[in-house]
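See structure below.
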Amino acid sequence: MEKRFMSIWFHHLLTNWKANRSPGLRELPFVFVTKERNRLIVKAASREAEREGVYTGMLAADAKAVVRDLQVFDDIPGKADALLSAIGEWCIRFTPVVAVDPPDGLLLDISGCPHLWGGEPQYLKDIHIKLRSRGYDTRIAIADTIGAAWANARFGKVMSIIAPGMQVQTLLTMPPAALRLEPEILGRLQKLGFYKIERFINIGRPALRRRFGTAVLQRMDQAVGHELEPLIPLQPISPYEERLPCLESIRTATGIAIAIRKLLQMLCKRLEQEGKGLRTALLKCYRIDGKTVEAAIGTNRPSRDVDHLFKLLELKIPTIEPALGIELFVLQGKVEDLSSEQEKLWASEDFGLEDPAVAQLLDRIAGKYGADTINRYLPSEHYWPERSVARSHLLTDKLPTTWRLNKRRPVQLLTTPERIEVTVQIPDYPPMQFIYKKQLHLVKKADGPERIEREWWLEAGEIRDYYTVEDEQGRRYWLFRSGHYSGEQPVQWFLHGFLA
């Protein structure tokens, strides 16, 4: 198989990324600057800034003088490499061999891949359009060698396909910089008048070696194909996924259950080796008719207990419609670290929420009735009652503070206090009666007031005077008056909770 390579050049990598995050910058000139030797240097310039004369390596002060409304941002160290790695992993869908080419490019070994897209022209066009749609300016070239592809991406057309064996012809009219030479060597070549590769490519090798070293010869050999150039491909983190193809289509609940257990056994074996546990799992069932059926589960704490996880997925089997049959099962999971101590079965001591059996029970309830049916609340350090509790989504969350026990609080606290109408004999007295949801309640017993000041560091507003009252039917309520009595405006009363 003939080797074919693709080079992708992101001419405005950092500025494209910034413009994608802040669309208002797309039509404005801006730059990223970094400090070098106590001077601010332009690290990257947007297309609009380049059009007005700003270029990479320029002093920031000079750039501001050239473009009066130039916007300047501090460079983010390592951001370009992170972007290239992320885009490179995305490009693995086009070829399994993708390498980062710092500071602003990617190299792809596309040997044997373009025919899947109908040929190299359509292959290149598809990649180019997809990257452009994501906001990145790209120039792409395909050639027999990495060096030729790199040179044509930067000094050729926006999209270039070099026919097999034609890399030398395309390099002749290009400047020496197309060979990826060091700045010092490029400077020496220009001093001698070598402005194009064709002027020195046929000079004797001993003469080039004596004057410019071996770097020029090596880059020339790599570009024309006389020397192989290795690629160091990206190695993305392997996802936590297991696949189970079926020789015969599965159409029964028993067959689906067997497939689920096998997938869990394979996945949990890997999790045990890596010290991790499953938090969420997504089962994908690919049917013969081309449709995909999915089922998802979640756990309150990381788990690699096959039996427990199987019971959760078993509840989802009635929702899986096999139709003509399922030919492929895929189980994907999101994991967290899990120590061996968490998986112990404690038999003799009571560990409360630390007991794995509690987490497994809650997982089964959530799987059957929905995760929203289970709530856990922790105390929060606030005076305002509705802020004094915080919802927790994890059993492993610790109490940030202790529960307050010296004051009686309602069993059911309303998220938002509800307005009521009251009759009060004397100001600052508890109400004699109140109307809640169009029903009259006569107050037989009352206790209070308990004054709770508003948290002035969070918001401004009135104080609250709380009363615990009991109506004629023995039901207890937690009421409060907002603010003091005054002749300027009527006082508002609210019901905030129900006591046992």
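Naming scheme: A, B, ... for chains in displayed order of the structure tokens; residues 1 onward per chain; ligands 1 onward as shown.
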If we count only C-alpha atoms, what is near stretch 376-385 of chain A at a cut-off of 10 Å, once residues fewer than 4 positions away on the same chain are taken out, given as an mmCIF file with N, CA and C atoms, in the first residue's frame?
```
data_model
loop_
_atom_site.group_PDB
_atom_site.id
_atom_site.type_symbol
_atom_site.label_atom_id
_atom_site.label_comp_id
_atom_site.auth_asym_id
_atom_site.auth_seq_id
_atom_site.Cartn_x
_atom_site.Cartn_y
_atom_site.Cartn_z
ATOM 1 N N VAL A 389 -30.786 24.558 54.610
ATOM 2 C CA VAL A 389 -30.615 23.178 54.163
ATOM 3 C C VAL A 389 -30.156 23.209 52.714
ATOM 4 N N ALA A 390 -29.335 22.236 52.351
ATOM 5 C CA ALA A 390 -28.832 22.127 50.979
ATOM 6 C C ALA A 390 -29.001 20.690 50.515
ATOM 7 N N ARG A 391 -29.451 20.535 49.274
ATOM 8 C CA ARG A 391 -29.667 19.200 48.746
ATOM 9 C C ARG A 391 -28.337 18.560 48.379
ATOM 10 N N SER A 392 -28.191 17.292 48.706
ATOM 11 C CA SER A 392 -26.974 16.545 48.386
ATOM 12 C C SER A 392 -27.323 15.426 47.414
ATOM 13 N N HIS A 393 -26.443 15.231 46.429
ATOM 14 C CA HIS A 393 -26.666 14.181 45.429
ATOM 15 C C HIS A 393 -25.793 12.945 45.702
ATOM 16 N N LEU A 394 -24.959 13.003 46.744
ATOM 17 C CA LEU A 394 -24.039 11.903 47.017
ATOM 18 C C LEU A 394 -24.187 11.442 48.459
ATOM 19 N N LEU A 395 -24.125 10.129 48.654
ATOM 20 C CA LEU A 395 -24.151 9.599 50.012
ATOM 21 C C LEU A 395 -22.845 9.865 50.743
ATOM 22 N N ASP A 397 -21.143 12.652 50.795
ATOM 23 C CA ASP A 397 -20.974 14.025 51.267
ATOM 24 C C ASP A 397 -21.056 14.070 52.788
ATOM 25 N N LYS A 398 -20.126 14.783 53.403
ATOM 26 C CA LYS A 398 -20.090 14.898 54.858
ATOM 27 C C LYS A 398 -20.859 16.135 55.312
ATOM 28 N N LEU A 399 -21.303 16.119 56.580
ATOM 29 C CA LEU A 399 -22.029 17.255 57.127
ATOM 30 C C LEU A 399 -21.099 18.453 57.235
ATOM 31 N N PRO A 400 -21.424 19.572 56.574
ATOM 32 C CA PRO A 400 -20.569 20.760 56.701
ATOM 33 C C PRO A 400 -20.674 21.409 58.065
ATOM 34 N N THR A 401 -21.791 21.173 58.765
ATOM 35 C CA THR A 401 -22.005 21.678 60.115
ATOM 36 C C THR A 401 -23.044 20.787 60.776
ATOM 37 N N THR A 402 -23.266 20.947 62.066
ATOM 38 C CA THR A 402 -24.230 20.101 62.775
ATOM 39 C C THR A 402 -25.640 20.667 62.627
ATOM 40 N N TRP A 403 -26.627 19.770 62.725
ATOM 41 C CA TRP A 403 -28.008 20.212 62.697
ATOM 42 C C TRP A 403 -28.330 20.988 63.979
ATOM 43 N N ARG A 404 -29.121 22.032 63.825
ATOM 44 C CA ARG A 404 -29.513 22.833 64.989
ATOM 45 C C ARG A 404 -30.673 22.149 65.692
ATOM 46 N N ARG A 409 -38.211 23.127 64.623
ATOM 47 C CA ARG A 409 -38.350 23.448 63.214
ATOM 48 C C ARG A 409 -39.375 22.511 62.583
ATOM 49 N N LEU A 413 -40.762 21.894 55.390
ATOM 50 C CA LEU A 413 -40.489 23.314 55.162
ATOM 51 C C LEU A 413 -40.778 23.645 53.708
ATOM 52 N N LEU A 414 -41.607 24.640 53.483
ATOM 53 C CA LEU A 414 -41.932 25.043 52.124
ATOM 54 C C LEU A 414 -40.721 25.725 51.481
ATOM 55 N N THR A 415 -40.480 25.415 50.225
ATOM 56 C CA THR A 415 -39.361 26.036 49.514
ATOM 57 C C THR A 415 -39.552 27.550 49.425
ATOM 58 N N ILE A 452 -35.907 36.274 63.441
ATOM 59 C CA ILE A 452 -34.772 35.876 62.586
ATOM 60 C C ILE A 452 -34.456 37.052 61.674
ATOM 61 N N GLU A 453 -33.278 37.582 61.847
ATOM 62 C CA GLU A 453 -32.863 38.726 61.040
ATOM 63 C C GLU A 453 -32.533 38.283 59.614
ATOM 64 N N ARG A 454 -32.771 39.195 58.684
ATOM 65 C CA ARG A 454 -32.398 38.919 57.301
ATOM 66 C C ARG A 454 -30.876 38.978 57.164
ATOM 67 N N GLU A 455 -30.328 38.115 56.316
ATOM 68 C CA GLU A 455 -28.879 38.079 56.094
ATOM 69 C C GLU A 455 -28.490 39.267 55.215
ATOM 70 N N ARG A 464 -38.021 38.832 60.166
ATOM 71 C CA ARG A 464 -39.138 37.910 60.285
ATOM 72 C C ARG A 464 -39.360 37.564 61.753
ATOM 73 N N HIS A 496 -44.821 29.062 56.475
ATOM 74 C CA HIS A 496 -43.529 28.577 55.992
ATOM 75 C C HIS A 496 -43.322 27.087 56.214
#
```
Inset, instruction - Could you give me the residues within stretch 102-211 of chain A that DSSP places in alpha helix (DSSP H), as a ChimeraX atom specification? - result: /A:120-133,146-155,167-171,183-191,205-211
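Closest approach to A:Cys246 among A:Ala82, A:Leu189, A:Leu181, A:Leu328 is made by A:Leu328 (distances from only C-alpha atoms).
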Legend entry - Shortest interatomic distance to A:Trp478 - which of A:Gln433, A:Thr423, A:Gln412, A:Asn300, counting only C-alpha atoms: A:Gln412
Inset, instruction - Apply DSSP to the backbone of this structure and, from stretch 208-319 of chain A, keep only the residues in strand (DSSP E); write these as JSON, numbers by chain. - result: {"A": [241, 242, 243, 244, 245, 246, 247, 248, 249, 250, 276, 277, 278, 279, 280, 281, 282, 283, 284, 285, 286, 287, 292, 293, 294, 295, 296, 297, 298, 299, 300, 301, 302, 303]}
